[in-house]
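Working notes, structure below.
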Amino acid sequence: MTGHGQELGGSFALGPRRVRRAGYGAMQLSGDGVFGPPRDRDEALRVLRAAAAAGVDHIDTAQFYGAGTVNELLREALHPYPDNLAIVSKVGVRHDTGVLRPEEARELRQGIEDNLRALGTGRLAAVNLRLMDPSQAPGRRFDAQLAVLVRAREEGLIDGIGLSNISRAQLLRAVAQTEIVCVQNLFNLADQQSIEVLGECRARNIAFVPFCPLGLPGEQRRRLLTDPELAELGARLAATPVQVVLAWLLDLAPNILLIPGTRTRAHLAENLSAASVRLDDTARAELARRFAVVQDTRQGMS
């Protein structure tokens with residue numbers, strides 16, 4: 001898979017770094033429901049090593065994925081890490097007895113240190129503050145959480161601060177206080193509710209990293225990837241439906257970075273090859289008609 005290394009969709013800034021636009025999200029390496037160890041530990045290690053060999057230099061993780069298991073896999077597979085590898089994690093939520101709960105500001109520093117310890121590194125490329133409710137107006141609690149990440153950056157534990165699962169109002173509150181290098185929000189062909197956040201990120205040269213880029217697991221993803229018109233378009237472009245969906249994201253705006261996850265090397269190769277799929281005007285029009293694409297961001301956003 002080394003042939004992917006020269007392309008991977010070009011590159012974009014992730015804080016002080018530039019990373020290839022096709023990256024890898026490690027969440028799926030955990031057990032079902034983001035709990036416990038992987039189904040196949042050896043294959044999980046092979047997937048991580050194959051991603052690095054293919055030129056992936058942006059990997060997304062979190063200490064709560066698999067209750068620390070995923071970070072342990074990353075360390076076993078890739079440590080000592082290549083100098084150009086940007087590992088991005090997140091804090092702000094914890095898994096407690098099977099339930100996600102929000103962390104308080106005092107717990108965020110511990111979360112950052114837990115990530116560093118498990119990964120065996122002294123510094124992360126970025127840490128995302130993961131919010132539970134993007135509809136909540138940001139206030140003192142948000143500011144206090146953000147301040148913890150600012151201090152971690154000042155102390156050299158992280159290179160950049162990101163946000164996840166946020167609204168435009170929360171983004172604007174954050175950028176008024178400090179530099180934000182990336183935003184992770186739900187966004188894909190089937191769910192474009194974060195289009196305003198994407199537009200704000202593009203205007204500010206902030207990387208936008210869609211999670212669930214193939215649709216939410218379950219019925220939404222199944223409907224999207226089995227859509228007959230998408231299959232027809234893929235056949236014309238010599239691409240699978242998965243590749244068309246990912247290629248649409250890369251084509252939509254230059255600040256989009258992909259982190260699709262997978263448990264297998266075959267699916268990893270399929271995902272990374274999406275960076276070689278080129279959409280023409282006809283394909284863009286077909287996707288816009290079929291999936292009600294809100295706006296074409298390649299020419300700028302209002």
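Ligands are numbered from 1 in the order shown, residues from 1 within each chain, and chains are lettered A, B, ... in the order they appear in the structure tokens.
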Using the chain letters and numbers from this document, which residues of stretch 2-250 of chain A does DSSP assign to strand (DSSP E or B), as a short mmCIF file (atom, residue, chain, number, x, y, z; two decimals) with N, CA, C and O atoms, in the first residue's frame?
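Final output, saved to out20.cif:
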```cif
data_model
loop_
_atom_site.label_atom_id
_atom_site.label_comp_id
_atom_site.auth_asym_id
_atom_site.auth_seq_id
_atom_site.Cartn_x
_atom_site.Cartn_y
_atom_site.Cartn_z
N SER A 11 -2.49 17.95 1.19
CA SER A 11 -2.24 18.21 2.61
C SER A 11 -2.94 19.49 3.03
O SER A 11 -3.37 20.31 2.21
N PHE A 12 -3.04 19.65 4.35
CA PHE A 12 -3.62 20.86 4.94
C PHE A 12 -3.00 21.05 6.31
O PHE A 12 -2.51 20.11 6.94
N ALA A 13 -3.05 22.29 6.78
CA ALA A 13 -2.44 22.61 8.07
C ALA A 13 -3.25 22.03 9.23
O ALA A 13 -4.47 22.12 9.27
N LEU A 14 -2.53 21.46 10.17
CA LEU A 14 -3.09 21.04 11.45
C LEU A 14 -2.24 21.73 12.52
O LEU A 14 -1.26 21.18 13.01
N ARG A 17 1.70 21.97 11.97
CA ARG A 17 2.05 20.87 11.08
C ARG A 17 1.23 20.94 9.79
O ARG A 17 0.21 21.62 9.73
N ARG A 18 1.69 20.23 8.77
CA ARG A 18 0.86 19.92 7.61
C ARG A 18 0.72 18.41 7.54
O ARG A 18 1.71 17.68 7.67
N VAL A 19 -0.51 17.96 7.38
CA VAL A 19 -0.76 16.52 7.32
C VAL A 19 -1.49 16.18 6.03
O VAL A 19 -2.15 17.04 5.43
N ARG A 20 -1.35 14.95 5.61
CA ARG A 20 -2.09 14.48 4.44
C ARG A 20 -3.57 14.44 4.77
O ARG A 20 -3.96 14.14 5.90
N ALA A 22 -5.96 12.48 3.85
CA ALA A 22 -6.52 11.16 4.15
C ALA A 22 -5.78 10.59 5.35
O ALA A 22 -4.60 10.23 5.25
N TYR A 24 -6.48 8.50 9.47
CA TYR A 24 -7.08 7.27 10.01
C TYR A 24 -7.64 7.53 11.39
O TYR A 24 -6.99 8.16 12.25
N GLY A 25 -8.86 7.06 11.63
CA GLY A 25 -9.49 7.13 12.94
C GLY A 25 -9.45 5.78 13.61
O GLY A 25 -9.91 4.78 13.06
N HIS A 58 -1.68 11.27 10.13
CA HIS A 58 -2.67 11.88 11.02
C HIS A 58 -3.57 10.77 11.54
O HIS A 58 -4.33 10.16 10.78
N ILE A 59 -3.45 10.46 12.82
CA ILE A 59 -4.24 9.40 13.44
C ILE A 59 -5.02 9.99 14.61
O ILE A 59 -4.47 10.69 15.46
N ASP A 60 -6.31 9.72 14.62
CA ASP A 60 -7.20 10.20 15.67
C ASP A 60 -7.47 9.09 16.67
O ASP A 60 -7.75 7.95 16.29
N ALA A 86 1.20 12.90 13.32
CA ALA A 86 0.37 13.74 14.18
C ALA A 86 -0.69 12.86 14.85
O ALA A 86 -1.60 12.35 14.18
N ILE A 87 -0.54 12.65 16.14
CA ILE A 87 -1.55 11.91 16.91
C ILE A 87 -2.44 12.93 17.60
O ILE A 87 -1.96 13.80 18.34
N VAL A 88 -3.74 12.83 17.33
CA VAL A 88 -4.73 13.75 17.89
C VAL A 88 -5.66 12.96 18.80
O VAL A 88 -6.17 11.91 18.41
N SER A 89 -5.88 13.45 19.99
CA SER A 89 -6.78 12.78 20.92
C SER A 89 -7.88 13.74 21.34
O SER A 89 -8.01 14.84 20.81
N LYS A 90 -8.67 13.32 22.30
CA LYS A 90 -9.77 14.18 22.76
C LYS A 90 -10.01 13.95 24.24
O LYS A 90 -9.76 12.86 24.77
N VAL A 91 -10.51 14.97 24.87
CA VAL A 91 -10.93 14.91 26.27
C VAL A 91 -12.27 15.63 26.37
O VAL A 91 -12.69 16.31 25.44
N VAL A 93 -15.10 13.88 27.73
CA VAL A 93 -16.09 12.86 28.09
C VAL A 93 -15.34 11.64 28.63
O VAL A 93 -14.18 11.40 28.30
N ARG A 94 -16.04 10.90 29.45
CA ARG A 94 -15.51 9.65 29.98
C ARG A 94 -16.58 8.57 29.86
O ARG A 94 -17.78 8.85 29.89
N HIS A 95 -16.12 7.32 29.73
CA HIS A 95 -17.02 6.18 29.82
C HIS A 95 -17.05 5.71 31.27
O HIS A 95 -16.04 5.26 31.81
N ASP A 96 -18.18 5.84 31.91
CA ASP A 96 -18.35 5.35 33.27
C ASP A 96 -19.49 4.36 33.30
O ASP A 96 -20.64 4.70 33.00
N VAL A 99 -21.65 4.39 30.31
CA VAL A 99 -22.36 5.62 29.96
C VAL A 99 -21.35 6.74 29.74
O VAL A 99 -20.40 6.89 30.52
N LEU A 100 -21.55 7.52 28.69
CA LEU A 100 -20.73 8.71 28.49
C LEU A 100 -21.17 9.81 29.44
O LEU A 100 -22.36 10.09 29.55
N ARG A 101 -20.24 10.42 30.12
CA ARG A 101 -20.56 11.56 30.97
C ARG A 101 -19.55 12.67 30.71
O ARG A 101 -18.40 12.43 30.37
N PRO A 102 -19.97 13.91 30.86
CA PRO A 102 -19.05 15.03 30.62
C PRO A 102 -18.03 15.15 31.74
O PRO A 102 -18.33 14.88 32.91
N LEU A 124 1.32 15.72 22.19
CA LEU A 124 0.33 15.37 21.18
C LEU A 124 0.19 16.50 20.17
O LEU A 124 0.34 17.68 20.53
N ALA A 126 -2.49 17.55 18.76
CA ALA A 126 -3.66 18.33 19.16
C ALA A 126 -4.51 17.50 20.11
O ALA A 126 -4.46 16.27 20.09
N VAL A 127 -5.28 18.18 20.92
CA VAL A 127 -6.30 17.55 21.74
C VAL A 127 -7.60 18.30 21.52
O VAL A 127 -7.65 19.53 21.60
N ASN A 128 -8.64 17.56 21.21
CA ASN A 128 -9.97 18.13 21.01
C ASN A 128 -10.76 18.14 22.31
O ASN A 128 -10.78 17.14 23.03
N LEU A 129 -11.39 19.26 22.59
CA LEU A 129 -12.35 19.34 23.68
C LEU A 129 -13.68 18.86 23.13
O LEU A 129 -14.29 19.51 22.29
N ARG A 130 -14.12 17.70 23.59
CA ARG A 130 -15.35 17.09 23.10
C ARG A 130 -16.52 17.55 23.95
O ARG A 130 -16.56 17.32 25.16
N ILE A 158 0.74 19.69 24.42
CA ILE A 158 0.03 19.58 23.15
C ILE A 158 0.49 20.73 22.25
O ILE A 158 0.86 21.79 22.73
N ILE A 161 -5.01 23.07 19.96
CA ILE A 161 -6.30 22.85 20.62
C ILE A 161 -7.36 22.69 19.55
O ILE A 161 -7.45 23.49 18.61
N GLY A 162 -8.18 21.65 19.71
CA GLY A 162 -9.30 21.44 18.81
C GLY A 162 -10.61 21.37 19.58
O GLY A 162 -10.63 21.37 20.82
N LEU A 163 -11.71 21.32 18.84
CA LEU A 163 -13.04 21.21 19.42
C LEU A 163 -13.80 20.11 18.69
O LEU A 163 -13.56 19.87 17.50
N SER A 164 -14.72 19.48 19.37
CA SER A 164 -15.49 18.40 18.75
C SER A 164 -16.95 18.47 19.18
O SER A 164 -17.25 18.75 20.34
N CYS A 182 -8.34 22.70 14.84
CA CYS A 182 -9.20 21.73 14.15
C CYS A 182 -10.55 21.62 14.84
O CYS A 182 -10.68 21.93 16.03
N VAL A 183 -11.53 21.20 14.07
CA VAL A 183 -12.87 20.94 14.58
C VAL A 183 -13.33 19.59 14.07
O VAL A 183 -13.23 19.31 12.87
N GLN A 184 -13.80 18.74 14.97
CA GLN A 184 -14.37 17.44 14.60
C GLN A 184 -15.88 17.48 14.85
O GLN A 184 -16.31 17.61 15.99
N ASN A 185 -16.65 17.37 13.76
CA ASN A 185 -18.10 17.34 13.87
C ASN A 185 -18.67 16.24 13.00
O ASN A 185 -18.05 15.84 12.01
N LEU A 186 -19.86 15.79 13.35
CA LEU A 186 -20.58 14.87 12.48
C LEU A 186 -20.89 15.57 11.16
O LEU A 186 -21.48 16.65 11.15
N ASN A 188 -21.44 14.35 6.76
CA ASN A 188 -21.31 13.41 5.66
C ASN A 188 -22.41 13.71 4.64
O ASN A 188 -23.22 14.63 4.85
N ASP A 191 -25.82 13.74 6.26
CA ASP A 191 -26.05 14.64 7.39
C ASP A 191 -25.11 15.84 7.25
O ASP A 191 -23.92 15.75 7.57
N ALA A 207 -8.70 23.36 10.21
CA ALA A 207 -9.00 22.03 9.68
C ALA A 207 -10.36 21.56 10.19
O ALA A 207 -10.67 21.68 11.38
N PHE A 208 -11.17 21.02 9.29
CA PHE A 208 -12.47 20.46 9.64
C PHE A 208 -12.40 18.95 9.42
O PHE A 208 -12.10 18.49 8.32
N VAL A 209 -12.67 18.19 10.48
CA VAL A 209 -12.47 16.74 10.47
C VAL A 209 -13.81 16.05 10.72
O VAL A 209 -14.27 15.98 11.86
N PRO A 210 -14.50 15.58 9.68
CA PRO A 210 -15.81 14.97 9.88
C PRO A 210 -15.70 13.61 10.55
O PRO A 210 -14.94 12.75 10.11
N PHE A 211 -16.45 13.42 11.65
CA PHE A 211 -16.54 12.05 12.16
C PHE A 211 -17.78 11.39 11.58
O PHE A 211 -18.70 12.05 11.13
#
```
*With a distance cut-off of 8 Å and only C-alpha atoms, select the neighbouring residues of A:Val242, excluding the residue or stretch itself and same-chain residues fewer than 4 positions from it, and output the selection as a PyMOL selection string.*
chain A and resi 214+225+246+270-271+274
*asked:* When you look at A:Leu131 with a cut-off of 7 Å (counting only C-alpha atoms), what residues show up, excluding the ones that are within fewer than 6 positions of it in the same chain? I need them as a ChimeraX atom specification.
replied: /A:92,164-166
With N, CA, C and O atoms retained, could you export that selection as a compact mmCIF listing (two decimals), in the first residue's frame?
```txt
# COMPACT_ATOMS: atom_id res chain seq x y z
N GLY A 92 -12.91 15.46 27.51
CA GLY A 92 -14.20 16.12 27.70
C GLY A 92 -15.32 15.17 28.04
O GLY A 92 -16.36 15.57 28.55
N SER A 164 -14.72 19.48 19.37
CA SER A 164 -15.49 18.40 18.75
C SER A 164 -16.95 18.47 19.18
O SER A 164 -17.25 18.75 20.34
N ASN A 165 -17.83 18.19 18.23
CA ASN A 165 -19.28 18.17 18.46
C ASN A 165 -19.77 19.54 18.91
O ASN A 165 -20.44 19.68 19.92
N ILE A 166 -19.45 20.55 18.10
CA ILE A 166 -19.72 21.94 18.51
C ILE A 166 -20.63 22.65 17.52
O ILE A 166 -20.83 22.22 16.38
```
*So which bits of stretch 37-202 of chain A end up helix (DSSP H, G or I) when you DSSP the backbone, as an MDAnalysis selection string?*
chainID A and resid 41:53 65:78 105:119 140:154 168:175 195:202
Please produce a file of those selected residues containing C-alpha atoms, as a short mmCIF file (atom, residue, chain, number, x, y, z; two decimals), in the first residue's frame.
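Saved to result10.cif:
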```cif
data_model
loop_
_atom_site.label_atom_id
_atom_site.label_comp_id
_atom_site.auth_asym_id
_atom_site.auth_seq_id
_atom_site.Cartn_x
_atom_site.Cartn_y
_atom_site.Cartn_z
CA ARG A 41 -5.69 -7.81 18.15
CA ASP A 42 -3.14 -8.98 15.59
CA GLU A 43 -5.15 -7.53 12.71
CA ALA A 44 -5.57 -4.27 14.62
CA LEU A 45 -1.80 -3.96 14.89
CA ARG A 46 -1.42 -4.80 11.21
CA VAL A 47 -3.96 -2.13 10.26
CA LEU A 48 -2.06 0.55 12.17
CA ARG A 49 1.25 -0.46 10.64
CA ALA A 50 -0.28 -0.60 7.17
CA ALA A 51 -1.69 2.91 7.61
CA ALA A 52 1.72 4.27 8.56
CA ALA A 53 3.37 2.40 5.67
CA TYR A 65 -11.66 4.15 23.22
CA GLY A 66 -11.68 0.62 24.50
CA ALA A 67 -10.91 1.92 28.01
CA GLY A 68 -7.33 2.63 26.98
CA THR A 69 -6.96 -0.38 24.70
CA VAL A 70 -6.71 1.63 21.48
CA ASN A 71 -3.93 3.86 22.76
CA GLU A 72 -2.07 0.75 23.91
CA LEU A 73 -2.40 -0.70 20.40
CA LEU A 74 -1.04 2.50 18.87
CA ARG A 75 1.96 2.37 21.16
CA GLU A 76 2.65 -1.29 20.44
CA ALA A 77 2.26 -0.89 16.69
CA LEU A 78 4.02 2.40 16.01
CA ALA A 105 -12.43 21.22 33.92
CA ARG A 106 -10.41 19.72 36.77
CA GLU A 107 -10.55 16.30 35.08
CA LEU A 108 -9.36 17.44 31.65
CA ARG A 109 -5.71 17.77 32.63
CA GLN A 110 -5.79 14.21 33.95
CA GLY A 111 -7.32 13.09 30.67
CA ILE A 112 -4.49 14.67 28.69
CA GLU A 113 -1.89 13.06 30.94
CA ASP A 114 -3.62 9.67 30.67
CA ASN A 115 -3.38 9.88 26.87
CA LEU A 116 0.30 10.81 26.98
CA ARG A 117 1.11 8.02 29.41
CA ALA A 118 -0.77 5.33 27.48
CA LEU A 119 0.71 6.42 24.16
CA ARG A 140 -18.16 29.93 32.10
CA ARG A 141 -17.91 26.15 32.16
CA PHE A 142 -16.83 26.11 28.52
CA ASP A 143 -14.28 28.85 29.18
CA ALA A 144 -12.85 26.94 32.14
CA GLN A 145 -12.49 23.78 30.07
CA LEU A 146 -10.82 25.70 27.27
CA ALA A 147 -8.40 27.30 29.73
CA VAL A 148 -7.15 23.86 30.78
CA LEU A 149 -6.19 23.07 27.19
CA VAL A 150 -4.55 26.48 26.77
CA ARG A 151 -2.36 25.79 29.80
CA ALA A 152 -1.48 22.32 28.48
CA ARG A 153 -0.37 23.91 25.22
CA GLU A 154 1.67 26.54 27.05
CA ARG A 168 -20.78 27.80 15.27
CA ALA A 169 -21.49 29.85 18.41
CA GLN A 170 -19.20 27.63 20.48
CA LEU A 171 -16.48 27.90 17.82
CA LEU A 172 -16.73 31.69 17.80
CA ARG A 173 -16.54 31.78 21.61
CA ALA A 174 -13.39 29.66 21.48
CA VAL A 175 -11.53 31.55 18.74
CA ILE A 195 -22.25 23.09 7.04
CA GLU A 196 -22.08 26.47 8.83
CA VAL A 197 -19.33 25.22 11.11
CA LEU A 198 -17.44 23.92 8.07
CA GLY A 199 -17.80 27.31 6.42
CA GLU A 200 -16.55 29.14 9.49
CA CYS A 201 -13.57 26.81 9.71
CA ARG A 202 -12.71 27.35 6.08
#
```
*Would you work out the distance separating atom CA of A:Thr61 from atom CA of A:Ala26, expressed in Å to one decimal?*
5.4 Å
*Work out how far atom CA of A:Arg265 is from atom CA of A:Gly31, in Å to one decimal.*
17.0 Å
